[in-house]
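**Q** Have a look at this one before I ask anything.
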Amino acid sequence: MSFTSHMDAAMAEATAAAARGEVPCGAVVAGPQGIVSKAGNRTRELNDPTAHAEILAIRAACAALGQERLTGYDLYVTLEPCPMCAAAISNARIGRLYYGAADPKSGGVAQGPRIFEHPQCHHRPEVYDGIGAEASESLLRAFFVERRDTKI
């Protein structure tokens, strides 16, 4: 069985999010049949603090598949998930999490509270970090530099 990364599709969602003025984070849920759902951040557009790319992609995948759990499915995210998203990933029973850039300020997987390490965490996905990290970091850096420059 060969491995196919879907990080390029997640990066496309992150780029689209940046174009909408959202923090550039994209997510893709994929399974044996390929990509099931994809999303970018929409917190500002939807006036919803929970509208992170991961949450939206998980919701869409569950709806498309008609099930509440995504056992055996993979999640590709351009940025380390925050604690809220890490908990959602666990609750959805995602099999493998692939993420790009680390998030020292708001991350919840390898940084901060490390959600998957808590004894209350009922499911721990396999985690692979640094996938496409350079491209994700570059997009994030450019997004925030532009925001700072336009507010001066």
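Letters A, B, ... go to the chains of the structure tokens in the order shown; residues in each chain start at 1; ligands are counted from 1 in the same order.
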For A:Leu65, work out the shell of residues within 12 Å, counting only C-alpha atoms and skipping chain neighbours fewer than 6 positions away, then give it as an mmCIF file with N, CA and C atoms, in the first residue's frame.
**A**
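File around-v5.cif, as written:
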```
data_model
loop_
_atom_site.group_PDB
_atom_site.id
_atom_site.type_symbol
_atom_site.label_atom_id
_atom_site.label_comp_id
_atom_site.auth_asym_id
_atom_site.auth_seq_id
_atom_site.Cartn_x
_atom_site.Cartn_y
_atom_site.Cartn_z
ATOM 1 N N VAL A 29 -9.806 15.850 5.328
ATOM 2 C CA VAL A 29 -10.056 14.505 5.845
ATOM 3 C C VAL A 29 -10.005 13.570 4.651
ATOM 4 N N ALA A 30 -9.194 12.521 4.766
ATOM 5 C CA ALA A 30 -9.039 11.565 3.672
ATOM 6 C C ALA A 30 -9.138 10.143 4.204
ATOM 7 N N GLY A 31 -9.619 9.267 3.350
ATOM 8 C CA GLY A 31 -9.735 7.855 3.694
ATOM 9 C C GLY A 31 -9.314 7.011 2.508
ATOM 10 N N GLN A 33 -10.928 6.028 0.060
ATOM 11 C CA GLN A 33 -11.512 6.515 -1.186
ATOM 12 C C GLN A 33 -10.948 7.866 -1.620
ATOM 13 N N ILE A 35 -9.984 12.009 -0.741
ATOM 14 C CA ILE A 35 -10.443 13.146 0.057
ATOM 15 C C ILE A 35 -11.955 13.069 0.253
ATOM 16 N N VAL A 36 -12.361 13.172 1.512
ATOM 17 C CA VAL A 36 -13.779 13.149 1.871
ATOM 18 C C VAL A 36 -14.287 14.573 2.096
ATOM 19 N N SER A 37 -13.448 15.414 2.709
ATOM 20 C CA SER A 37 -13.832 16.800 2.954
ATOM 21 C C SER A 37 -12.584 17.657 3.070
ATOM 22 N N ILE A 58 -13.957 18.065 9.786
ATOM 23 C CA ILE A 58 -14.497 16.910 10.510
ATOM 24 C C ILE A 58 -16.010 16.877 10.389
ATOM 25 N N ARG A 59 -16.667 18.013 10.587
ATOM 26 C CA ARG A 59 -18.132 18.071 10.462
ATOM 27 C C ARG A 59 -18.577 17.647 9.067
ATOM 28 N N THR A 71 -13.099 6.750 12.316
ATOM 29 C CA THR A 71 -12.105 5.704 12.557
ATOM 30 C C THR A 71 -11.513 5.258 11.221
ATOM 31 N N TYR A 73 -9.722 7.141 9.261
ATOM 32 C CA TYR A 73 -9.531 8.284 8.364
ATOM 33 C C TYR A 73 -8.363 9.124 8.850
#
```
**Q** Write out as a list in words which residues come within 12 Å of A:Phe3 when counting only C-alpha atoms, dropping same-chain ones fewer than 3 positions away.
**A**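 So, after excluding close chain neighbours, the residues are His6, Met7, Ala30, Gly31, Pro32, Gly34 and Asp74 of chain A.
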**Q** Could you please determine the separation between atom CA of A:Ala27 and atom CA of A:His118 in Å, to one decimal place?
**A**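 Taking atom CA of A:Ala27 as the start and atom CA of A:His118 as the end point, the length is 23.8 Å.
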**Q** Can you tell me, as a PyMOL selection string, what residues are no more than 8 Å from A:Ala14 when counting only C-alpha atoms, ignoring any on the same chain fewer than 6 positions away?
**A** chain A and resi 23-27+40-41+78
**Q** Please save N, CA and C atoms of the selected residues as a tab-separated table (two decimals), in the first residue's frame.
**A**
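Ended up saving to out_38.tsv:
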```tsv
chain	number	residue	atom	x	y	z
A	23	VAL	N	-7.12	33.54	9.25
A	23	VAL	CA	-5.81	32.96	9.53
A	23	VAL	C	-5.64	31.76	8.59
A	24	PRO	N	-4.54	31.71	7.85
A	24	PRO	CA	-4.37	30.67	6.83
A	24	PRO	C	-4.08	29.28	7.38
A	25	CYS	N	-5.15	28.59	7.67
A	25	CYS	CA	-5.06	27.20	8.11
A	25	CYS	C	-6.05	26.40	7.28
A	26	GLY	N	-5.59	25.26	6.76
A	26	GLY	CA	-6.45	24.40	5.97
A	26	GLY	C	-6.39	22.98	6.48
A	27	ALA	N	-7.48	22.25	6.25
A	27	ALA	CA	-7.56	20.87	6.72
A	27	ALA	C	-8.27	20.00	5.68
A	40	GLY	N	-11.10	25.43	5.13
A	40	GLY	CA	-10.16	26.42	5.64
A	40	GLY	C	-10.84	27.18	6.77
A	41	ASN	N	-10.07	27.90	7.56
A	41	ASN	CA	-10.65	28.68	8.65
A	41	ASN	C	-11.74	29.60	8.13
A	78	THR	N	-2.52	22.19	8.08
A	78	THR	CA	-1.32	22.96	7.80
A	78	THR	C	-0.65	23.50	9.06
```
**Q** Can you list every residue in stretch 6-73 of chain A that DSSP puts in strand (DSSP E), as JSON, numbers by chain?
**A** {"A": [26, 27, 28, 29, 30, 31, 34, 35, 36, 37, 38, 39, 40]}
**Q** Create the file for the chosen residues now, containing C-alpha atoms and written as a tab-separated table (two decimals), in the first residue's frame.
**A**
```tsv
chain	number	residue	atom	x	y	z
A	26	GLY	CA	-6.45	24.40	5.97
A	27	ALA	CA	-7.56	20.87	6.72
A	28	VAL	CA	-8.43	17.75	4.72
A	29	VAL	CA	-10.06	14.50	5.85
A	30	ALA	CA	-9.04	11.57	3.67
A	31	GLY	CA	-9.74	7.86	3.69
A	34	GLY	CA	-9.42	9.72	-1.17
A	35	ILE	CA	-10.44	13.15	0.06
A	36	VAL	CA	-13.78	13.15	1.87
A	37	SER	CA	-13.83	16.80	2.95
A	38	LYS	CA	-11.69	19.89	3.06
A	39	ALA	CA	-11.99	23.28	4.70
A	40	GLY	CA	-10.16	26.42	5.64
```
**Q** With only C-alpha atoms as the basis for distance, which of A:Val127, A:Cys82, A:Lys105, A:Ile115 is at the shortest distance from A:Thr50?
**A** A:Cys82
**Q** Which residue is closest to A:His123? Choose from A:Val109, A:Ile89, A:Leu70, A:Ala61 and count only C-alpha atoms.
**A**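 Closest residue, counting only C-alpha atoms: A:Ile89.
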**Q** Which residues are near A:Gly132? Cut-off 9 Å, only C-alpha atoms, ignore same chain within fewer than 2 positions. Put them as a list in words.
**A**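 Contacts, with the query itself left out: Met7, Asp8, Met11, Thr78, Tyr99, Gly100, Ala101, Asp129, Gly130, Glu134, Ala135, Ser136 and Glu137 of chain A.
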**Q** Would you return as number ranges by chain the members of stretch 34-97 of chain A that DSSP assigns to alpha helix (DSSP H) on this structure's backbone?
**A** A: 43-46, 53-65, 83-92
**Q** Between A:Glu126, A:Glu13, A:Glu146, A:Glu80, which has the minimum distance to A:Leu56 (counting only C-alpha atoms)?
**A**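 Distance minimum relative to A:Leu56 lands on A:Glu13.
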**Q** Considering only C-alpha atoms, state which residue in the set A:Ala9, A:Leu140, A:Val77, A:Met84 is at the smallest distance from A:Ala53.
**A**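 When distances to A:Ala53 are compared using only C-alpha atoms, the smallest one comes from A:Val77.
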**Q** Quick one: distance from atom CA of A:Arg96 to atom CA of A:Thr4 in Å, one decimal?
**A**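 Computed distance, atom CA of A:Arg96 to atom CA of A:Thr4, equals 12.9 Å.
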**Q** Nearest residue to A:Ile94 out of A:Pro119, A:Leu75, A:Ala57, A:Ala51, using only C-alpha atoms?
**A**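 Between A:Pro119, A:Leu75, A:Ala57, A:Ala51, the residue approaching A:Ile94 most closely is A:Leu75.
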**Q** Go through A:Tyr76, A:Ile55, A:Gly66, A:Pro83 and flag the residue nearest A:Ser106, using only C-alpha atoms for the distances.
**A**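 Using only C-alpha atoms, A:Ser106 sits closest to A:Pro83.
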**Q** Quick one: everything within 8 Å of A:Phe116, counting only C-alpha atoms, minus sequence neighbours fewer than 5 positions away in the same chain. Send it as a PyMOL selection string.
**A** chain A and resi 86-87+90+109+121+123-125
